[in-house]
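Asker: Just so it is clear, I am handing over protein04.pdb, which has PDB, C-alpha atoms.
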```pdb
ATOM      1  CA  MET A   1      35.962 -80.968 -52.543  1.00  0.00           C
ATOM      2  CA  THR A   2      35.062 -78.711 -55.401  1.00  0.00           C
ATOM      3  CA  ALA A   3      36.704 -77.667 -58.635  1.00  0.00           C
ATOM      4  CA  ALA A   4      37.954 -74.592 -56.745  1.00  0.00           C
ATOM      5  CA  ASP A   5      40.098 -76.922 -54.613  1.00  0.00           C
ATOM      6  CA  LEU A   6      41.822 -78.573 -57.616  1.00  0.00           C
ATOM      7  CA  PRO A   7      44.703 -76.053 -57.669  1.00  0.00           C
ATOM      8  CA  GLN A   8      45.603 -77.135 -54.115  1.00  0.00           C
ATOM      9  CA  ILE A   9      46.573 -80.603 -55.382  1.00  0.00           C
ATOM     10  CA  PRO A  10      50.300 -80.528 -56.257  1.00  0.00           C
ATOM     11  CA  ASP A  11      50.948 -81.068 -59.976  1.00  0.00           C
ATOM     12  CA  VAL A  12      54.101 -83.089 -59.280  1.00  0.00           C
ATOM     13  CA  ASP A  13      55.140 -85.380 -56.450  1.00  0.00           C
ATOM     14  CA  ILE A  14      58.178 -87.523 -57.281  1.00  0.00           C
ATOM     15  CA  ASP A  15      61.036 -89.010 -55.311  1.00  0.00           C
ATOM     16  CA  SER A  16      64.066 -86.776 -54.912  1.00  0.00           C
ATOM     17  CA  ASP A  17      66.603 -89.102 -56.536  1.00  0.00           C
ATOM     18  CA  GLY A  18      66.991 -92.328 -58.508  1.00  0.00           C
ATOM     19  CA  VAL A  19      65.142 -94.200 -61.260  1.00  0.00           C
ATOM     20  CA  PHE A  20      61.513 -95.094 -60.603  1.00  0.00           C
ATOM     21  CA  LYS A  21      58.108 -95.697 -62.131  1.00  0.00           C
ATOM     22  CA  TYR A  22      55.642 -92.853 -62.587  1.00  0.00           C
ATOM     23  CA  VAL A  23      52.030 -92.377 -63.666  1.00  0.00           C
ATOM     24  CA  LEU A  24      50.168 -89.446 -65.207  1.00  0.00           C
ATOM     25  CA  ILE A  25      46.753 -89.154 -63.550  1.00  0.00           C
ATOM     26  CA  ARG A  26      43.747 -87.005 -64.428  1.00  0.00           C
ATOM     27  CA  VAL A  27      41.909 -85.849 -61.310  1.00  0.00           C
ATOM     28  CA  HIS A  28      38.261 -84.813 -61.754  1.00  0.00           C
ATOM     29  CA  ALA A  29      36.129 -82.690 -59.478  1.00  0.00           C
ATOM     30  CA  VAL A  30      32.977 -84.778 -59.045  1.00  0.00           C
ATOM     31  CA  PRO A  31      29.978 -82.686 -60.134  1.00  0.00           C
ATOM     32  CA  PRO A  32      26.588 -82.929 -58.432  1.00  0.00           C
ATOM     33  CA  SER A  33      24.461 -85.671 -60.002  1.00  0.00           C
ATOM     34  CA  GLY A  34      22.953 -84.589 -63.283  1.00  0.00           C
ATOM     35  CA  ALA A  35      25.480 -81.771 -63.726  1.00  0.00           C
ATOM     36  CA  PRO A  36      27.963 -81.737 -66.626  1.00  0.00           C
ATOM     37  CA  ALA A  37      31.426 -83.160 -66.068  1.00  0.00           C
ATOM     38  CA  GLY A  38      33.497 -81.213 -63.576  1.00  0.00           C
ATOM     39  CA  GLU A  39      36.861 -79.565 -64.039  1.00  0.00           C
ATOM     40  CA  SER A  40      39.990 -81.698 -64.109  1.00  0.00           C
ATOM     41  CA  LYS A  41      43.782 -81.469 -63.995  1.00  0.00           C
ATOM     42  CA  GLU A  42      46.667 -83.815 -64.663  1.00  0.00           C
ATOM     43  CA  ILE A  43      49.138 -84.754 -61.947  1.00  0.00           C
ATOM     44  CA  VAL A  44      52.470 -86.614 -62.038  1.00  0.00           C
ATOM     45  CA  ARG A  45      53.334 -89.123 -59.317  1.00  0.00           C
ATOM     46  CA  GLY A  46      56.504 -91.234 -59.183  1.00  0.00           C
ATOM     47  CA  TYR A  47      58.060 -93.249 -56.368  1.00  0.00           C
ATOM     48  CA  LYS A  48      60.872 -95.750 -55.866  1.00  0.00           C
ATOM     49  CA  TRP A  49      58.790 -97.906 -53.516  1.00  0.00           C
ATOM     50  CA  ALA A  50      56.393 -98.893 -56.322  1.00  0.00           C
ATOM     51  CA  GLU A  51      57.001-102.300 -57.858  1.00  0.00           C
ATOM     52  CA  TYR A  52      54.229-101.681 -60.399  1.00  0.00           C
ATOM     53  CA  HIS A  53      52.666 -98.564 -61.914  1.00  0.00           C
ATOM     54  CA  ALA A  54      49.332 -99.728 -60.470  1.00  0.00           C
ATOM     55  CA  ASP A  55      50.792 -99.482 -56.947  1.00  0.00           C
ATOM     56  CA  ILE A  56      51.178 -95.723 -57.407  1.00  0.00           C
ATOM     57  CA  TYR A  57      47.805 -95.250 -59.096  1.00  0.00           C
ATOM     58  CA  ASP A  58      45.951 -97.301 -56.459  1.00  0.00           C
ATOM     59  CA  LYS A  59      47.480 -95.304 -53.594  1.00  0.00           C
ATOM     60  CA  VAL A  60      46.935 -91.877 -55.190  1.00  0.00           C
ATOM     61  CA  SER A  61      43.416 -92.616 -56.442  1.00  0.00           C
ATOM     62  CA  ALA A  62      42.403 -93.853 -52.971  1.00  0.00           C
ATOM     63  CA  GLU A  63      43.753 -90.609 -51.434  1.00  0.00           C
ATOM     64  CA  MET A  64      41.914 -88.506 -54.029  1.00  0.00           C
ATOM     65  CA  GLN A  65      38.644 -90.408 -53.584  1.00  0.00           C
ATOM     66  CA  LYS A  66      38.776 -89.725 -49.834  1.00  0.00           C
ATOM     67  CA  LYS A  67      38.905 -86.028 -50.763  1.00  0.00           C
ATOM     68  CA  GLY A  68      35.908 -86.414 -53.092  1.00  0.00           C
ATOM     69  CA  TYR A  69      37.694 -86.593 -56.451  1.00  0.00           C
ATOM     70  CA  ASP A  70      37.545 -89.105 -59.288  1.00  0.00           C
ATOM     71  CA  CYS A  71      40.730 -90.260 -61.031  1.00  0.00           C
ATOM     72  CA  GLU A  72      41.792 -91.934 -64.232  1.00  0.00           C
ATOM     73  CA  CYS A  73      45.262 -93.142 -65.144  1.00  0.00           C
ATOM     74  CA  LEU A  74      46.432 -91.684 -68.456  1.00  0.00           C
ATOM     75  CA  GLY A  75      49.551 -93.850 -68.694  1.00  0.00           C
ATOM     76  CA  GLY A  76      52.922 -94.399 -67.142  1.00  0.00           C
ATOM     77  CA  GLY A  77      56.648 -94.598 -67.672  1.00  0.00           C
ATOM     78  CA  ARG A  78      59.862 -94.086 -65.768  1.00  0.00           C
ATOM     79  CA  ILE A  79      61.696 -91.104 -64.384  1.00  0.00           C
ATOM     80  CA  SER A  80      65.433 -90.795 -63.869  1.00  0.00           C
ATOM     81  CA  HIS A  81      65.950 -88.052 -61.282  1.00  0.00           C
ATOM     82  CA  GLN A  82      69.567 -86.978 -60.767  1.00  0.00           C
ATOM     83  CA  SER A  83      69.231 -84.283 -58.120  1.00  0.00           C
ATOM     84  CA  GLN A  84      72.976 -83.590 -57.836  1.00  0.00           C
ATOM     85  CA  ASP A  85      73.204 -82.867 -61.576  1.00  0.00           C
ATOM     86  CA  LYS A  86      69.763 -81.190 -61.613  1.00  0.00           C
ATOM     87  CA  LYS A  87      68.558 -83.482 -64.402  1.00  0.00           C
ATOM     88  CA  ILE A  88      65.283 -85.342 -64.868  1.00  0.00           C
ATOM     89  CA  HIS A  89      64.612 -87.682 -67.804  1.00  0.00           C
ATOM     90  CA  VAL A  90      61.123 -89.061 -68.482  1.00  0.00           C
ATOM     91  CA  TYR A  91      60.830 -92.159 -70.679  1.00  0.00           C
ATOM     92  CA  GLY A  92      59.348 -95.605 -71.222  1.00  0.00           C
ATOM     93  CA  TYR A  93      55.851 -96.933 -70.680  1.00  0.00           C
ATOM     94  CA  SER A  94      53.634 -98.957 -68.374  1.00  0.00           C
ATOM     95  CA  MET A  95      52.691-102.518 -69.337  1.00  0.00           C
ATOM     96  CA  GLY A  96      49.301-102.048 -67.659  1.00  0.00           C
ATOM     97  CA  TYR A  97      48.414 -98.439 -68.490  1.00  0.00           C
ATOM     98  CA  GLY A  98      50.385 -97.793 -71.680  1.00  0.00           C
ATOM     99  CA  ARG A  99      52.650 -94.849 -72.388  1.00  0.00           C
ATOM    100  CA  ALA A 100      51.861 -91.557 -70.694  1.00  0.00           C
ATOM    101  CA  GLN A 101      52.106 -88.378 -72.752  1.00  0.00           C
ATOM    102  CA  HIS A 102      55.616 -87.600 -71.571  1.00  0.00           C
ATOM    103  CA  SER A 103      55.390 -84.097 -73.059  1.00  0.00           C
ATOM    104  CA  ILE A 104      52.609 -83.236 -70.570  1.00  0.00           C
ATOM    105  CA  SER A 105      54.494 -84.826 -67.672  1.00  0.00           C
ATOM    106  CA  THR A 106      57.689 -83.001 -68.663  1.00  0.00           C
ATOM    107  CA  GLU A 107      55.969 -79.587 -68.761  1.00  0.00           C
ATOM    108  CA  LYS A 108      54.584 -80.141 -65.250  1.00  0.00           C
ATOM    109  CA  ILE A 109      57.981 -81.321 -63.972  1.00  0.00           C
ATOM    110  CA  LYS A 110      59.714 -78.282 -65.557  1.00  0.00           C
ATOM    111  CA  ALA A 111      57.302 -75.988 -63.713  1.00  0.00           C
ATOM    112  CA  ARG A 112      58.051 -77.791 -60.420  1.00  0.00           C
ATOM    113  CA  TYR A 113      61.835 -77.920 -61.033  1.00  0.00           C
ATOM    114  CA  PRO A 114      62.540 -74.724 -63.052  1.00  0.00           C
ATOM    115  CA  ASP A 115      66.322 -74.871 -62.537  1.00  0.00           C
ATOM    116  CA  TYR A 116      66.609 -78.464 -63.827  1.00  0.00           C
ATOM    117  CA  GLU A 117      67.307 -79.836 -67.278  1.00  0.00           C
ATOM    118  CA  VAL A 118      64.155 -81.882 -67.963  1.00  0.00           C
ATOM    119  CA  THR A 119      64.058 -84.173 -71.030  1.00  0.00           C
ATOM    120  CA  TRP A 120      61.864 -86.958 -72.326  1.00  0.00           C
ATOM    121  CA  ALA A 121      61.898 -89.753 -74.915  1.00  0.00           C
ATOM    122  CA  ASP A 122      59.420 -92.387 -76.031  1.00  0.00           C
ATOM    123  CA  ASP A 123      62.006 -95.153 -76.177  1.00  0.00           C
ATOM    124  CA  GLY A 124      62.987 -97.469 -73.364  1.00  0.00           C
ATOM    125  CA  TYR A 125      61.000 -99.435 -70.833  1.00  0.00           C
TER     126      TYR A 125
END
```
Represent the supplied structure as structure tokens.
Answerer:
Amino acid sequence: MTAADLPQIPDVDIDSDGVFKYVLIRVHAVPPSGAPAGESKEIVRGYKWAEYHADIYDKVSAEMQKKGYDCECLGGGRISHQSQDKKIHVYGYSMGYGRAQHSISTEKIKARYPDYEVTWADDGY
């Protein structure tokens, strides 16, 4: 995969309802050896099945590596997704990865869910 394929990776993939853990991941296009660092983008992933933030990161990074990308986890938190009320709240932090920049995550979620009220806060776990 090349940097040209980065836009094909969805910015946001989260469960449709409930409260769950999420991680903010930077995906890098791997440049040819000796070349400067490739392009990158941040993606938001959050799922109810994950007991730990690392469960999400491990699964997503393995998928991205199969496609020829490198990943780094920028932090985590929680998402409260109330689909009936069209509300998403991003908050908290990950014990293992630290707090994600919720402002970045929120902007990406707003773009994915333009008709939702999307908020964030640094407090909470």
Asker: Distance CA of Val90 (chain A)-CA of Asp123 (chain A), one decimal place?
Answerer: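 Between CA of Val90 (chain A) and CA of Asp123 (chain A) the gap works out to 9.9 Å.
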Asker: Could you tell me which residues the PyMOL selection byres ((chain A and resi 14-26) around 10) returns for this structure, as number ranges by chain?
Answerer: A: 11-13, 27-28, 40-57, 60-61, 70-84, 86-94, 97-102, 104-105, 109, 125
Asker: Enter the distance from CA of Ile9 (chain A) to CA of Ala62 (chain A), in Å, rounded to one decimal.
Answerer: 14.1 Å
Asker: Between CA of Trp120 (chain A) and CA of Pro10 (chain A), what is the distance in Å, rounded to a tenth?
Answerer: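 Straight-line distance from CA of Trp120 (chain A) to CA of Pro10 (chain A) works out to 20.8 Å.
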Asker: Selected by the PyMOL selection byres ((chain A and resi 5) around 12) in the shown coordinates: which residues, as a ChimeraX atom specification?
Answerer: /A:1-4,6-10,27-30,38-41,64,67-69
Asker: Output the selection as a PDB file, in the coordinates of the input - C-alpha atoms for each residue.
Answerer:
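Now in result-v6.pdb:
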```
ATOM      1  CA  MET A   1      35.962 -80.968 -52.543  1.00  0.00           C
ATOM      2  CA  THR A   2      35.062 -78.711 -55.401  1.00  0.00           C
ATOM      3  CA  ALA A   3      36.704 -77.667 -58.635  1.00  0.00           C
ATOM      4  CA  ALA A   4      37.954 -74.592 -56.745  1.00  0.00           C
ATOM      5  CA  LEU A   6      41.822 -78.573 -57.616  1.00  0.00           C
ATOM      6  CA  PRO A   7      44.703 -76.053 -57.669  1.00  0.00           C
ATOM      7  CA  GLN A   8      45.603 -77.135 -54.115  1.00  0.00           C
ATOM      8  CA  ILE A   9      46.573 -80.603 -55.382  1.00  0.00           C
ATOM      9  CA  PRO A  10      50.300 -80.528 -56.257  1.00  0.00           C
ATOM     10  CA  VAL A  27      41.909 -85.849 -61.310  1.00  0.00           C
ATOM     11  CA  HIS A  28      38.261 -84.813 -61.754  1.00  0.00           C
ATOM     12  CA  ALA A  29      36.129 -82.690 -59.478  1.00  0.00           C
ATOM     13  CA  VAL A  30      32.977 -84.778 -59.045  1.00  0.00           C
ATOM     14  CA  GLY A  38      33.497 -81.213 -63.576  1.00  0.00           C
ATOM     15  CA  GLU A  39      36.861 -79.565 -64.039  1.00  0.00           C
ATOM     16  CA  SER A  40      39.990 -81.698 -64.109  1.00  0.00           C
ATOM     17  CA  LYS A  41      43.782 -81.469 -63.995  1.00  0.00           C
ATOM     18  CA  MET A  64      41.914 -88.506 -54.029  1.00  0.00           C
ATOM     19  CA  LYS A  67      38.905 -86.028 -50.763  1.00  0.00           C
ATOM     20  CA  GLY A  68      35.908 -86.414 -53.092  1.00  0.00           C
ATOM     21  CA  TYR A  69      37.694 -86.593 -56.451  1.00  0.00           C
TER      22      TYR A  69
END
```
Asker: Could you work out an axis-aligned box for region 81-97 of chain A, taking every atom the file lists and adding 8 Å on each side, and report centre and edge lengths in Å to one decimal, as AutoDock Vina command-line options?
Answerer:
```
--center_x 60.8 --center_y -91.9 --center_z -64.5 --size_x 40.8 --size_y 37.3 --size_z 29.4
```
